[in-house]
Structures are given as C-alpha cells and as structure tokens.
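Student: File follows, upload24.txt with compact mmCIF, C-alpha atoms and all ligand atoms:
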# COMPACT_ATOMS: atom_id res chain seq x y z
CA MET X 1 -77.56 -29.85 93.27
CA ARG X 2 -75.69 -26.63 93.96
CA GLY X 3 -76.75 -24.30 96.75
CA LEU X 4 -77.19 -20.56 96.28
CA GLY X 5 -73.90 -20.07 98.10
CA ASN X 6 -72.05 -21.79 95.26
CA LEU X 7 -73.15 -19.54 92.45
CA GLY X 8 -69.59 -18.39 91.70
CA GLY X 9 -68.47 -15.06 90.25
CA SER X 10 -71.64 -14.56 88.23
CA HIS X 11 -73.82 -14.00 91.32
CA VAL X 12 -73.04 -10.29 91.11
CA PHE X 13 -74.40 -10.25 87.57
CA ILE X 14 -77.54 -12.11 88.69
CA LEU X 15 -78.14 -9.70 91.55
CA LYS X 16 -77.81 -6.74 89.18
CA LYS X 17 -80.24 -8.37 86.79
CA LEU X 18 -82.65 -9.09 89.64
CA LEU X 19 -83.01 -5.36 90.14
CA HIS X 20 -83.76 -4.70 86.46
CA ASP X 21 -85.23 -7.86 85.02
CA PRO X 22 -86.62 -10.36 87.54
CA ALA X 23 -87.62 -12.96 84.92
CA MET X 24 -84.11 -13.19 83.47
CA ALA X 25 -82.56 -13.28 86.93
CA VAL X 26 -84.82 -16.15 87.93
CA ALA X 27 -83.88 -17.98 84.73
CA GLY X 28 -80.21 -17.44 85.62
CA VAL X 29 -80.66 -18.92 89.08
CA LEU X 30 -82.63 -21.85 87.63
CA SER X 31 -79.86 -22.53 85.17
CA LYS X 32 -77.41 -22.78 88.10
CA LEU X 33 -79.67 -25.03 90.13
CA THR X 34 -80.69 -27.42 87.37
CA PRO X 35 -78.70 -30.65 87.75
CA ASP X 36 -76.20 -31.42 85.01
CA ARG X 37 -77.60 -33.95 82.58
CA ILE X 38 -75.25 -35.22 79.91
CA PRO X 39 -76.13 -37.96 77.44
CA VAL X 40 -74.14 -41.18 77.47
CA THR X 41 -71.90 -40.42 74.50
CA PHE X 42 -69.97 -42.60 72.04
CA ALA X 43 -67.25 -40.86 70.05
CA GLY X 44 -65.06 -41.97 67.16
CA PRO X 45 -65.35 -43.75 63.81
CA ASP X 46 -68.52 -45.91 63.73
CA ALA X 47 -69.73 -44.58 67.09
CA SER X 48 -73.20 -44.42 65.52
CA LEU X 49 -73.18 -48.21 65.17
CA GLU X 50 -72.25 -48.61 68.84
CA LEU X 51 -75.16 -46.36 69.72
CA CYS X 52 -77.55 -48.52 67.68
CA GLU X 53 -76.27 -51.61 69.53
CA SER X 54 -77.01 -49.92 72.83
CA ILE X 55 -80.51 -48.91 71.72
CA ALA X 56 -81.15 -52.58 70.96
CA HIS X 57 -80.18 -53.44 74.55
CA MET X 58 -82.82 -51.01 75.81
CA ARG X 59 -85.57 -53.08 74.15
CA CYS X 60 -87.30 -50.11 72.50
CA GLU X 61 -88.99 -52.45 69.97
CA LYS X 62 -89.49 -49.88 67.22
CA VAL X 63 -87.65 -46.61 66.62
CA LEU X 64 -88.73 -43.53 64.66
CA ILE X 65 -85.68 -42.26 62.74
CA VAL X 66 -86.09 -38.51 62.26
CA THR X 67 -83.93 -37.14 59.48
CA ASP X 68 -84.01 -35.17 56.22
CA ALA X 69 -84.53 -36.31 52.64
CA THR X 70 -80.92 -35.64 51.58
CA LEU X 71 -79.45 -38.03 54.13
CA VAL X 72 -81.84 -40.75 52.94
CA GLU X 73 -80.97 -40.07 49.28
CA ILE X 74 -77.20 -40.30 49.81
CA GLY X 75 -77.62 -43.62 51.63
CA LEU X 76 -76.29 -42.43 54.96
CA ILE X 77 -79.38 -43.68 56.80
CA ASP X 78 -78.82 -47.19 55.38
CA ARG X 79 -75.91 -47.72 57.78
CA ILE X 80 -78.18 -46.88 60.68
CA THR X 81 -81.09 -49.07 59.61
CA LYS X 82 -78.73 -52.03 59.02
CA ALA X 83 -77.36 -51.61 62.54
CA LEU X 84 -80.89 -51.46 63.97
CA ASP X 85 -81.83 -54.57 61.95
CA ALA X 86 -78.82 -56.37 63.40
CA GLY X 87 -80.07 -55.54 66.89
CA GLY X 88 -83.54 -56.88 66.11
CA LEU X 89 -85.20 -53.47 66.28
CA GLY X 90 -88.04 -52.25 64.08
CA TRP X 91 -87.80 -48.78 62.56
CA SER X 92 -89.67 -46.23 60.54
CA ILE X 93 -88.06 -43.25 58.77
CA TYR X 94 -89.57 -39.77 58.95
CA SER X 95 -87.55 -37.70 56.47
CA GLY X 96 -89.85 -34.67 56.23
CA VAL X 97 -87.69 -32.34 58.32
CA GLU X 98 -86.45 -29.32 56.36
CA PRO X 99 -83.99 -26.60 57.44
CA ASP X 100 -85.64 -24.38 60.07
CA PRO X 101 -88.41 -26.89 60.84
CA THR X 102 -91.92 -25.51 61.24
CA PHE X 103 -94.73 -26.65 63.51
CA SER X 104 -96.19 -28.73 60.68
CA HIS X 105 -92.88 -30.59 60.13
CA VAL X 106 -92.78 -31.60 63.78
CA GLU X 107 -96.48 -32.46 63.94
CA ALA X 108 -96.18 -34.68 60.85
CA GLY X 109 -93.32 -36.55 62.52
CA PHE X 110 -95.38 -37.06 65.66
CA ALA X 111 -98.31 -38.37 63.60
CA GLN X 112 -95.99 -40.93 61.98
CA LEU X 113 -94.63 -41.97 65.38
CA GLU X 114 -98.16 -42.71 66.59
CA GLN X 115 -99.24 -44.39 63.38
CA GLU X 116 -96.18 -46.68 63.40
CA GLY X 117 -96.33 -47.43 67.13
CA CYS X 118 -92.72 -46.35 67.72
CA LYS X 119 -91.39 -46.44 71.27
CA ALA X 120 -88.26 -44.30 70.85
CA VAL X 121 -86.91 -41.51 68.65
CA LEU X 122 -83.53 -41.47 66.91
CA ALA X 123 -82.39 -38.15 65.42
CA VAL X 124 -79.93 -38.41 62.54
CA GLY X 125 -78.82 -35.17 60.92
CA GLY X 126 -78.03 -31.56 61.69
CA GLY X 127 -79.77 -29.25 64.11
CA SER X 128 -83.15 -29.36 62.39
CA PRO X 129 -83.79 -33.13 62.70
CA MET X 130 -82.40 -33.07 66.23
CA ASP X 131 -84.68 -30.22 67.31
CA ALA X 132 -87.69 -31.89 65.67
CA SER X 133 -86.83 -35.19 67.39
CA LYS X 134 -86.72 -33.61 70.83
CA LEU X 135 -90.17 -32.18 70.32
CA ILE X 136 -91.65 -35.37 68.84
CA ALA X 137 -90.32 -37.36 71.83
CA ALA X 138 -91.75 -34.76 74.24
CA MET X 139 -95.14 -34.63 72.47
CA ALA X 140 -95.41 -38.43 72.76
CA THR X 141 -95.65 -38.30 76.56
CA ASN X 142 -97.19 -34.85 77.06
CA GLY X 143 -100.54 -34.90 75.33
CA GLY X 144 -99.38 -34.43 71.73
CA GLN X 145 -99.95 -30.65 71.64
CA LEU X 146 -96.77 -28.99 70.38
CA ARG X 147 -97.81 -25.40 71.13
CA LYS X 148 -98.37 -26.29 74.80
CA LEU X 149 -94.68 -27.17 75.12
CA GLU X 150 -93.45 -23.76 73.93
CA GLY X 151 -91.37 -21.78 76.41
CA MET X 152 -89.34 -22.80 79.42
CA LEU X 153 -89.84 -25.96 81.50
CA LYS X 154 -93.15 -27.00 79.91
CA VAL X 155 -92.26 -30.68 79.45
CA ARG X 156 -94.02 -32.14 82.51
CA GLN X 157 -93.45 -35.84 81.74
CA ALA X 158 -90.14 -37.39 80.68
CA PRO X 159 -90.09 -37.70 76.87
CA MET X 160 -89.88 -40.99 75.04
CA PRO X 161 -86.28 -42.39 74.92
CA LEU X 162 -84.39 -40.04 72.62
CA PHE X 163 -81.09 -40.71 70.84
CA ALA X 164 -79.03 -38.35 68.70
CA ILE X 165 -76.51 -38.85 65.91
CA PRO X 166 -75.33 -35.47 64.60
CA THR X 167 -74.09 -35.44 61.00
CA THR X 168 -72.78 -31.88 61.17
CA ALA X 169 -70.40 -30.34 63.71
CA GLY X 170 -72.15 -27.18 64.76
CA THR X 171 -75.40 -27.12 66.66
CA GLY X 172 -74.39 -29.23 69.66
CA SER X 173 -78.09 -30.05 69.86
CA GLU X 174 -77.19 -33.61 70.93
CA VAL X 175 -76.38 -32.26 74.42
CA THR X 176 -78.64 -29.23 74.77
CA LEU X 177 -82.03 -28.65 76.34
CA ALA X 178 -83.27 -26.42 73.51
CA ALA X 179 -85.32 -26.83 70.35
CA VAL X 180 -86.29 -24.08 67.92
CA VAL X 181 -89.26 -24.07 65.56
CA ALA X 182 -89.90 -21.48 62.84
CA ASP X 183 -93.25 -19.75 62.50
CA PRO X 184 -93.31 -18.66 58.83
CA GLU X 185 -96.47 -16.59 59.28
CA THR X 186 -94.97 -14.26 61.89
CA HIS X 187 -91.33 -14.43 60.73
CA THR X 188 -90.38 -15.53 64.23
CA LYS X 189 -88.73 -18.48 65.90
CA LYS X 190 -90.34 -20.22 68.83
CA PHE X 191 -88.21 -21.64 71.63
CA PHE X 192 -88.70 -24.78 73.66
CA LEU X 193 -86.35 -25.11 76.63
CA ASP X 194 -86.40 -28.01 79.05
CA PRO X 195 -83.61 -30.23 80.43
CA ARG X 196 -85.95 -33.19 79.98
CA MET X 197 -85.38 -32.83 76.21
CA ILE X 198 -81.64 -33.57 76.51
CA PRO X 199 -81.11 -36.87 74.64
CA THR X 200 -80.49 -40.08 76.58
CA MET X 201 -77.57 -41.14 74.40
CA ALA X 202 -75.59 -39.59 71.56
CA ALA X 203 -72.93 -40.66 69.08
CA LEU X 204 -70.24 -38.44 67.52
CA ASP X 205 -69.30 -40.40 64.42
CA PRO X 206 -66.81 -38.67 62.11
CA ASN X 207 -67.47 -41.28 59.40
CA LEU X 208 -70.88 -39.66 58.91
CA MET X 209 -69.33 -36.19 58.49
CA VAL X 210 -66.55 -36.79 55.95
CA GLY X 211 -68.81 -36.09 52.96
CA LEU X 212 -70.10 -32.76 54.23
CA PRO X 213 -69.43 -29.97 51.67
CA ALA X 214 -66.94 -27.26 52.66
CA PRO X 215 -69.46 -24.37 52.84
CA ILE X 216 -71.69 -26.32 55.25
CA THR X 217 -68.65 -27.43 57.26
CA ALA X 218 -67.57 -23.79 57.49
CA ALA X 219 -70.96 -22.40 58.49
CA THR X 220 -71.76 -25.11 61.04
CA GLY X 221 -68.26 -24.80 62.51
CA MET X 222 -68.84 -21.06 62.98
CA ASP X 223 -72.13 -21.87 64.72
CA ALA X 224 -70.16 -24.00 67.21
CA LEU X 225 -67.59 -21.22 67.65
CA THR X 226 -70.39 -18.73 68.33
CA HIS X 227 -71.92 -21.04 70.94
CA ALA X 228 -68.59 -21.33 72.71
CA VAL X 229 -67.74 -17.62 72.57
CA GLU X 230 -71.21 -16.42 73.61
CA SER X 231 -71.18 -18.94 76.46
CA PHE X 232 -67.73 -17.78 77.59
CA LEU X 233 -68.90 -14.15 77.65
CA SER X 234 -72.25 -14.97 79.32
CA GLY X 235 -73.10 -13.59 82.74
CA TRP X 236 -74.17 -17.11 83.70
CA SER X 237 -70.84 -18.78 82.89
CA THR X 238 -69.20 -21.00 85.51
CA ARG X 239 -65.77 -22.61 85.77
CA THR X 240 -67.17 -25.73 84.16
CA THR X 241 -68.83 -23.97 81.23
CA GLU X 242 -65.74 -21.82 80.72
CA SER X 243 -63.61 -24.92 80.56
CA HIS X 244 -65.95 -26.56 78.01
CA ALA X 245 -66.06 -23.37 75.94
CA LYS X 246 -62.28 -23.09 75.92
CA VAL X 247 -61.83 -26.69 74.75
CA SER X 248 -64.26 -25.99 71.94
CA ILE X 249 -62.65 -22.71 70.84
CA ARG X 250 -59.19 -24.23 70.80
CA LEU X 251 -60.38 -27.21 68.74
CA ILE X 252 -62.14 -24.94 66.24
CA PHE X 253 -59.17 -22.64 65.70
CA ASP X 254 -56.94 -25.70 65.29
CA HIS X 255 -59.21 -27.75 62.99
CA LEU X 256 -62.02 -25.84 61.23
CA HIS X 257 -59.89 -24.69 58.31
CA ALA X 258 -58.58 -28.24 57.78
CA ALA X 259 -62.13 -29.66 58.02
CA CYS X 260 -63.09 -27.36 55.14
CA SER X 261 -60.01 -27.98 52.98
CA ASP X 262 -59.48 -31.69 53.79
CA GLY X 263 -63.01 -32.88 54.56
CA GLY X 264 -62.15 -36.59 54.23
CA ASN X 265 -59.79 -36.44 57.20
CA VAL X 266 -61.51 -38.47 59.92
CA GLU X 267 -59.35 -37.15 62.76
CA VAL X 268 -60.14 -33.54 61.85
CA ARG X 269 -63.86 -34.35 61.59
CA LYS X 270 -63.72 -36.00 65.02
CA ALA X 271 -62.05 -32.90 66.49
CA MET X 272 -64.82 -30.69 65.07
CA ALA X 273 -67.54 -33.05 66.35
CA LEU X 274 -66.01 -32.77 69.82
CA ALA X 275 -65.77 -28.99 69.47
CA SER X 276 -69.47 -28.79 68.69
CA TYR X 277 -70.29 -31.13 71.57
CA TYR X 278 -68.28 -29.13 74.13
CA ALA X 279 -69.76 -25.86 72.90
CA GLY X 280 -73.21 -27.43 73.36
CA LEU X 281 -72.35 -28.45 76.92
CA ALA X 282 -71.25 -24.88 77.61
CA PHE X 283 -74.15 -22.91 76.16
CA THR X 284 -76.91 -25.21 77.36
CA ARG X 285 -76.03 -23.90 80.87
CA THR X 286 -75.21 -20.28 80.09
CA SER X 287 -77.56 -19.31 77.25
CA LEU X 288 -76.29 -17.28 74.29
CA GLY X 289 -76.09 -13.64 73.17
CA TYR X 290 -76.73 -11.01 70.53
CA VAL X 291 -75.09 -12.99 67.73
CA HIS X 292 -77.76 -15.65 68.03
CA ALA X 293 -80.55 -13.13 68.45
CA ILE X 294 -79.50 -11.44 65.19
CA ALA X 295 -78.94 -14.77 63.44
CA HIS X 296 -82.41 -15.98 64.38
CA ALA X 297 -83.94 -12.77 63.01
CA LEU X 298 -81.94 -13.12 59.76
CA GLY X 299 -82.99 -16.76 59.51
CA ALA X 300 -86.65 -15.86 59.98
CA TYR X 301 -86.54 -13.02 57.40
CA TYR X 302 -84.26 -14.43 54.72
CA ARG X 303 -83.93 -18.14 55.59
CA THR X 304 -80.22 -17.51 56.04
CA PRO X 305 -78.56 -20.76 57.20
CA HIS X 306 -78.10 -20.46 60.95
CA GLY X 307 -74.34 -20.98 61.04
CA LEU X 308 -73.74 -18.51 58.23
CA ALA X 309 -75.90 -15.86 59.92
CA ASN X 310 -73.95 -16.34 63.15
CA ALA X 311 -70.64 -16.08 61.36
CA ILE X 312 -71.64 -12.83 59.66
CA ALA X 313 -72.79 -11.25 62.93
CA LEU X 314 -70.07 -12.56 65.24
CA PRO X 315 -67.22 -10.07 64.61
CA HIS X 316 -69.60 -7.09 64.68
CA VAL X 317 -71.12 -8.12 68.02
CA LEU X 318 -67.68 -8.82 69.50
CA GLU X 319 -66.56 -5.30 68.52
CA PHE X 320 -69.67 -3.92 70.24
CA SER X 321 -69.01 -5.94 73.42
CA LYS X 322 -65.24 -5.43 73.43
CA LYS X 323 -64.84 -2.95 76.26
CA PRO X 324 -66.79 -4.71 79.05
CA ALA X 325 -65.67 -8.14 77.82
CA GLU X 326 -62.05 -7.06 77.35
CA ARG X 327 -60.50 -9.33 79.99
CA ARG X 328 -62.47 -12.37 78.84
CA LEU X 329 -61.65 -11.78 75.18
CA ALA X 330 -58.00 -11.36 76.16
CA ARG X 331 -58.11 -14.79 77.82
CA LEU X 332 -59.45 -16.25 74.58
CA ALA X 333 -56.66 -14.55 72.66
CA GLU X 334 -54.12 -16.17 75.00
CA LEU X 335 -55.89 -19.51 74.52
CA ILE X 336 -55.36 -19.47 70.77
CA GLY X 337 -51.81 -18.08 71.00
CA CYS X 338 -52.39 -14.40 70.18
CA ASP X 339 -50.08 -11.98 71.96
CA GLY X 340 -50.60 -8.38 72.98
CA ALA X 341 -49.22 -5.71 75.31
CA SER X 342 -52.55 -5.18 77.10
CA ASP X 343 -55.95 -6.81 77.51
CA GLU X 344 -57.33 -4.24 75.08
CA GLU X 345 -54.82 -5.25 72.46
CA LYS X 346 -55.32 -8.97 73.09
CA ALA X 347 -59.12 -8.60 72.89
CA GLN X 348 -58.72 -6.94 69.50
CA ARG X 349 -56.36 -9.72 68.41
CA PHE X 350 -58.98 -12.32 69.24
CA ILE X 351 -61.62 -10.51 67.19
CA ASP X 352 -59.10 -10.18 64.35
CA ALA X 353 -58.38 -13.91 64.64
CA VAL X 354 -62.10 -14.63 64.23
CA ARG X 355 -62.09 -12.50 61.07
CA GLY X 356 -58.92 -14.29 59.89
CA LEU X 357 -60.51 -17.70 60.40
CA MET X 358 -63.61 -16.57 58.48
CA ALA X 359 -61.46 -15.36 55.58
CA LYS X 360 -59.67 -18.73 55.45
CA ILE X 361 -62.97 -20.60 55.22
CA ASP X 362 -64.49 -18.15 52.72
CA ILE X 363 -67.10 -16.42 54.84
CA ALA X 364 -67.41 -12.62 54.56
CA PRO X 365 -68.94 -10.61 57.44
CA LYS X 366 -71.61 -9.23 55.08
CA HIS X 367 -75.16 -10.35 54.26
CA ASP X 368 -76.18 -10.30 50.59
CA ALA X 369 -79.96 -10.11 51.15
CA LEU X 370 -79.94 -7.53 53.95
CA VAL X 371 -81.56 -4.22 52.94
CA GLU X 372 -82.12 -0.93 54.73
CA ALA X 373 -85.91 -1.32 54.78
CA ASP X 374 -85.62 -4.44 56.98
CA ILE X 375 -83.07 -3.05 59.43
CA ALA X 376 -85.49 -1.59 62.00
CA PRO X 377 -87.82 -4.61 62.29
CA LEU X 378 -84.85 -7.01 62.31
CA ALA X 379 -83.24 -5.05 65.13
CA GLY X 380 -86.52 -4.97 67.05
CA GLN X 381 -86.93 -8.71 66.76
CA ALA X 382 -83.33 -9.44 67.75
CA LEU X 383 -83.51 -7.19 70.81
CA ARG X 384 -86.80 -8.70 71.99
CA GLU X 385 -85.20 -12.15 71.90
CA ALA X 386 -81.92 -11.07 73.46
CA HIS X 387 -83.36 -9.00 76.28
CA LEU X 388 -85.66 -11.81 77.38
CA ASN X 389 -83.11 -14.60 77.22
CA TYR X 390 -79.46 -13.63 77.04
CA PRO X 391 -77.14 -12.43 79.86
CA VAL X 392 -74.79 -10.46 77.61
CA PRO X 393 -71.79 -8.37 78.72
CA ARG X 394 -73.16 -5.14 77.22
CA TYR X 395 -76.76 -4.29 76.40
CA MET X 396 -77.68 -2.76 73.05
CA SER X 397 -80.29 -0.10 72.24
CA GLN X 398 -82.47 -0.15 69.12
CA PRO X 399 -80.32 2.51 67.35
CA GLN X 400 -77.12 0.65 68.31
CA CYS X 401 -78.51 -2.62 66.94
CA GLU X 402 -79.63 -0.93 63.74
CA ALA X 403 -76.16 0.60 63.29
CA LEU X 404 -74.57 -2.81 63.82
CA LEU X 405 -76.88 -4.40 61.25
CA ARG X 406 -76.04 -1.66 58.73
CA GLN X 407 -72.38 -2.69 58.96
CA MET X 408 -73.47 -6.10 57.69
CA ILE X 409 -75.08 -4.83 54.45
CA ALA X 410 -73.07 -6.12 51.50
FE FE D 501 -76.48 -21.80 67.12
How would this structure read if it were set down as structure tokens?

Tutor:
Amino acid sequence: MRGLGNLGGSHVFILKKLLHDPAMAVAGVLSKLTPDRIPVTFAGPDASLELCESIAHMRCEKVLIVTDATLVEIGLIDRITKALDAGGLGWSIYSGVEPDPTFSHVEAGFAQLEQEGCKAVLAVGGGSPMDASKLIAAMATNGGQLRKLEGMLKVRQAPMPLFAIPTTAGTGSEVTLAAVVADPETHTKKFFLDPRMIPTMAALDPNLMVGLPAPITAATGMDALTHAVESFLSGWSTRTTESHAKVSIRLIFDHLHAACSDGGNVEVRKAMALASYYAGLAFTRTSLGYVHAIAHALGAYYRTPHGLANAIALPHVLEFSKKPAERRLARLAELIGCDGASDEEKAQRFIDAVRGLMAKIDIAPKHDALVEADIAPLAGQALREAHLNYPVPRYMSQPQCEALLRQMIA
C-alpha cells in the first residue's frame, strides 16, 4: 500500500480540493491508498474457453451466466456452456439484462441465482451484463438488498466468485470497481463503487467480438477512448494510470476505424479489447469527468447508448477544458503523431483528431433527441454527478454546462 508521501504530482490537486470539497478529497486519497486489484486475465482468440477451464478448476459447482437475450439468440453463449460442460460445471443462464439495467433486472438475476443454487457468477456481454453480474455476486454475500450496496465501499463481504467475458470493447467493466443501475422513475443513474466488485478473472476473446455491428463497435470504442482521455486529464492520475491511458489511446487511434470497417479482423478486435481493458485499468483508479456526467444524463433522459452519448459530448468538453489541460492534451497529440508549434496548437490538434476519428466512424457530435426544454435539467443532473465524483481540470457552472449542451443540439 502506498503511503501519503507517495501521492505523486496530484497531491497539490487533492490539497486544493480538501479546502473546497472534503468528501471528494477524501475519495481521492482513498483511491490512492486502495491496493491495486487486477483480475487474472486471458487474452487472445478463444481466451473465453481458457477462462471456463480455469473456473472448472476452482470447483464452483454451478455458475450463473448473466447475459442478454441477443447473445443467447445468436448462439454465442453456446460456446461458453459447452466449455463449462466440458469442465463438469453446472450452469444456469439469466438473460434478462437489458441496456441500462434497472434495479428489477439485477434483482431478478439474484433471485435466479438463489433459486438455482449457483456458487459463482459469469458475466458474458457488454457493460450492462457485467455491471449486473457484479451486483448479483455482491448481493449473494451481503444480505441480498441491492439498495443497501449503493454508493462507495458498501460491499462489506467479498462477493461470490465473479468472472467476466466482455463481448464489446468499450466499458472496461471487466477490470473496474464500478457498476451503474438506472432508476427509470427519477431519470437518474445510481452508482455502486467498491474494489471488492472487481472480477476475479476475465477473458478478452476477440472471437466473440468479430460479429459486432460497426455502429456498436464505433460507439463502444469511443466509450473506451473517453475513459482513457478523462483518466489522463484527471486530478487523481498517476504515472501508472497515465501509462495505461496512453496505451489505450494509441491502440484506439490505430485500430478503431479498422474495427468498424473490417470487423472480422481478429487482430484488430484483439487490439480494441486491450484498449478497452487498459482504459478500464486507468479510470478505475482516477474516476472520470464531465463527458461521462453528461452522457449519463443523456442516457437517463433519452436512453442514448452510453458510448454514443460519450462520443457526442467528448469534443465539446475537451474544448471547454483545453486551457488548463493544454499540456496534457499536447502530450496526447504527440502520442498519436500530431505536430504543432506550441502546446496550445498541439492540444487543438488532439481535439481535431478526436473529431476526425469520429467522422471516419460515422459519429456526429450532435444529439438528435436533445431539445432546449431539457437543457437546464440535464445540465443540473450532469453537474451534480460531476461535482460529487470527478476531479476534472476545469470546473463548469450551470450556464456554462447549458451552453455546452446547446452546441450538441442537432
Ligand atoms: Fe463509460
């Protein structure tokens, strides 16, 4: 565990925050002091089968597979159940997870886990099944009350063994401590943050990603890019998280366009899976920023897919943060090979490169459903989330956030 003396360059940020916002400053210190916990990870074609073999060695008896109906329909789950059969493991499939899972989705999964007597949870899918799995595994050992686990560090007992097989390259949820649940009644998202929810083992299997349609590949890839960029600009970043974020950003600029245009290319899919993984490692330590706060609000209001909402907001938020984050953005420009006579110029080049990448993968920085009447409440919701959770380079007022959102109206 690190001592306070090893907090690195961000200690100045934390001290400043301590004067203005003690809760956030304490969260920042906690994030530095929490030991690194990284799942044992298999990567490469058929890594998911290796993971299933390893689960069999752990003698978990019966596994609850948490996924969504589409992955069952297209037969992708069959590969997993065959591998579990080969290892002599029992299994039960809960496929009731929908995009932006609600409390009832998670609670139904937990009920099935109890009914079936499962002793471990295996997430197969995108961010939604993975988030639901973390919570089901935590409920199993913590009294079964989901609402009692909401917030930070509420998982008192270690969850049931939890394994993750992402089928998209975006959320990085296979390595993060976070789960998000939607509350449709209040148009809000509820956060569950605890390092105990980091999966025990994960598999990055590009064979499970080759059939992903281009628009989903594009949006989820932009989610990963946003994780990496927001982590890199975070006041809680460290040398390690910066290094993970840079690996991710480089991989995404090199491979996301190809993943969209040549989705059957296993090597490209593997590169994007690694990009998502490294971005997850980075942001699970540093938290995120305004892009995610705005994306969560858009998701809650319009059910905008998370990655798409991030992509739309990203260039606007980077423009807003440009001046105080100039040096850091310039370093990212250098990383992806953009030149410039000054940091200011390089920072702008990086933001332009983000826009260029979005154009190549057919994402416009505008939101079709966004209307003037929703701007003020959306901004209010985004700022409440950001100012409680995110150590951003430049803070935004309500009018500034509203102006930024107006730029996103189609
Ligand atoms: Fe995200």

Student: Near Ala111 (chain X), counting only C-alpha atoms, which residues have an atom at most 12 Å away, once you skip same-chain residues fewer than 6 positions from it, shown as a ChimeraX atom specification?

Tutor: /X:64,94,96,104-105,117-118,136-137,139-140,144-146

Student: What would the file look like if the residues just selected were written as a PDB file, keeping the file's coordinate frame with C-alpha atoms?

Tutor:
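Okay, out-v4.pdb is ready:
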ATOM      1  CA  LEU X  64     -88.730 -43.530  64.660  1.00  0.00           C
ATOM      2  CA  TYR X  94     -89.570 -39.770  58.950  1.00  0.00           C
ATOM      3  CA  GLY X  96     -89.850 -34.670  56.230  1.00  0.00           C
ATOM      4  CA  SER X 104     -96.190 -28.730  60.680  1.00  0.00           C
ATOM      5  CA  HIS X 105     -92.880 -30.590  60.130  1.00  0.00           C
ATOM      6  CA  GLY X 117     -96.330 -47.430  67.130  1.00  0.00           C
ATOM      7  CA  CYS X 118     -92.720 -46.350  67.720  1.00  0.00           C
ATOM      8  CA  ILE X 136     -91.650 -35.370  68.840  1.00  0.00           C
ATOM      9  CA  ALA X 137     -90.320 -37.360  71.830  1.00  0.00           C
ATOM     10  CA  MET X 139     -95.140 -34.630  72.470  1.00  0.00           C
ATOM     11  CA  ALA X 140     -95.410 -38.430  72.760  1.00  0.00           C
ATOM     12  CA  GLY X 144     -99.380 -34.430  71.730  1.00  0.00           C
ATOM     13  CA  GLN X 145     -99.950 -30.650  71.640  1.00  0.00           C
ATOM     14  CA  LEU X 146     -96.770 -28.990  70.380  1.00  0.00           C
TER      15      LEU X 146
END

Student: Could you please extract the residues within 8 Å of ligand FE 501 (chain D), counting only C-alpha atoms and all ligand atoms, and hand them back as a list of chain:residue names?

Tutor: X:Gly170, X:Thr171, X:Asp223, X:Ala224, X:Thr226, X:His227, X:His292, X:His306, X:Gly307, X:Asn310

Student: With C-alpha atoms retained, export the selected residues as a CSV table (one decimal), in the coordinates of the input.

Tutor:
chain,number,residue,atom,x,y,z
X,170,GLY,CA,-72.2,-27.2,64.8
X,171,THR,CA,-75.4,-27.1,66.7
X,223,ASP,CA,-72.1,-21.9,64.7
X,224,ALA,CA,-70.2,-24.0,67.2
X,226,THR,CA,-70.4,-18.7,68.3
X,227,HIS,CA,-71.9,-21.0,70.9
X,292,HIS,CA,-77.8,-15.6,68.0
X,306,HIS,CA,-78.1,-20.5,61.0
X,307,GLY,CA,-74.3,-21.0,61.0
X,310,ASN,CA,-74.0,-16.3,63.2

Student: Find the residues around Ser48 (chain X) up to 7 Å (only C-alpha atoms counted), leave out those fewer than 4 positions away in its own chain, and share them as a ChimeraX atom specification.

Tutor: /X:52,165,203-205

Student: Tell me which of X:Ala282, X:Leu113, X:Leu162, X:Val124 sits closest to Val72 (chain X), counting only C-alpha atoms.

Tutor: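 Checking each candidate against Val72 (chain X), we get X:Val124 as the closest.
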
Student: Can you tell me, as a list of chain:residue names, which residues sit within 12 Å of (-84.6, -3.3, 58.8) in the file's frame, using all atoms listed in the file?

Tutor: X:Ile294, X:Ala297, X:Leu298, X:Tyr301, X:Tyr302, X:Ala369, X:Leu370, X:Val371, X:Glu372, X:Ala373, X:Asp374, X:Ile375, X:Ala376, X:Pro377, X:Leu378, X:Ala379, X:Gly380, X:Gln381, X:Ala382, X:Gln398, X:Pro399, X:Cys401, X:Glu402, X:Ala403, X:Leu404, X:Leu405, X:Arg406, X:Met408, X:Ile409

Student: Write the residues you've just listed into a file as a PDB file, in the coordinates of the input, and include C-alpha atoms for each of them.

Tutor:
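Full text of part.pdb as output:
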ATOM      1  CA  ILE X 294     -79.500 -11.440  65.190  1.00  0.00           C
ATOM      2  CA  ALA X 297     -83.940 -12.770  63.010  1.00  0.00           C
ATOM      3  CA  LEU X 298     -81.940 -13.120  59.760  1.00  0.00           C
ATOM      4  CA  TYR X 301     -86.540 -13.020  57.400  1.00  0.00           C
ATOM      5  CA  TYR X 302     -84.260 -14.430  54.720  1.00  0.00           C
ATOM      6  CA  ALA X 369     -79.960 -10.110  51.150  1.00  0.00           C
ATOM      7  CA  LEU X 370     -79.940  -7.530  53.950  1.00  0.00           C
ATOM      8  CA  VAL X 371     -81.560  -4.220  52.940  1.00  0.00           C
ATOM      9  CA  GLU X 372     -82.120  -0.930  54.730  1.00  0.00           C
ATOM     10  CA  ALA X 373     -85.910  -1.320  54.780  1.00  0.00           C
ATOM     11  CA  ASP X 374     -85.620  -4.440  56.980  1.00  0.00           C
ATOM     12  CA  ILE X 375     -83.070  -3.050  59.430  1.00  0.00           C
ATOM     13  CA  ALA X 376     -85.490  -1.590  62.000  1.00  0.00           C
ATOM     14  CA  PRO X 377     -87.820  -4.610  62.290  1.00  0.00           C
ATOM     15  CA  LEU X 378     -84.850  -7.010  62.310  1.00  0.00           C
ATOM     16  CA  ALA X 379     -83.240  -5.050  65.130  1.00  0.00           C
ATOM     17  CA  GLY X 380     -86.520  -4.970  67.050  1.00  0.00           C
ATOM     18  CA  GLN X 381     -86.930  -8.710  66.760  1.00  0.00           C
ATOM     19  CA  ALA X 382     -83.330  -9.440  67.750  1.00  0.00           C
ATOM     20  CA  GLN X 398     -82.470  -0.150  69.120  1.00  0.00           C
ATOM     21  CA  PRO X 399     -80.320   2.510  67.350  1.00  0.00           C
ATOM     22  CA  CYS X 401     -78.510  -2.620  66.940  1.00  0.00           C
ATOM     23  CA  GLU X 402     -79.630  -0.930  63.740  1.00  0.00           C
ATOM     24  CA  ALA X 403     -76.160   0.600  63.290  1.00  0.00           C
ATOM     25  CA  LEU X 404     -74.570  -2.810  63.820  1.00  0.00           C
ATOM     26  CA  LEU X 405     -76.880  -4.400  61.250  1.00  0.00           C
ATOM     27  CA  ARG X 406     -76.040  -1.660  58.730  1.00  0.00           C
ATOM     28  CA  MET X 408     -73.470  -6.100  57.690  1.00  0.00           C
ATOM     29  CA  ILE X 409     -75.080  -4.830  54.450  1.00  0.00           C
TER      30      ILE X 409
END
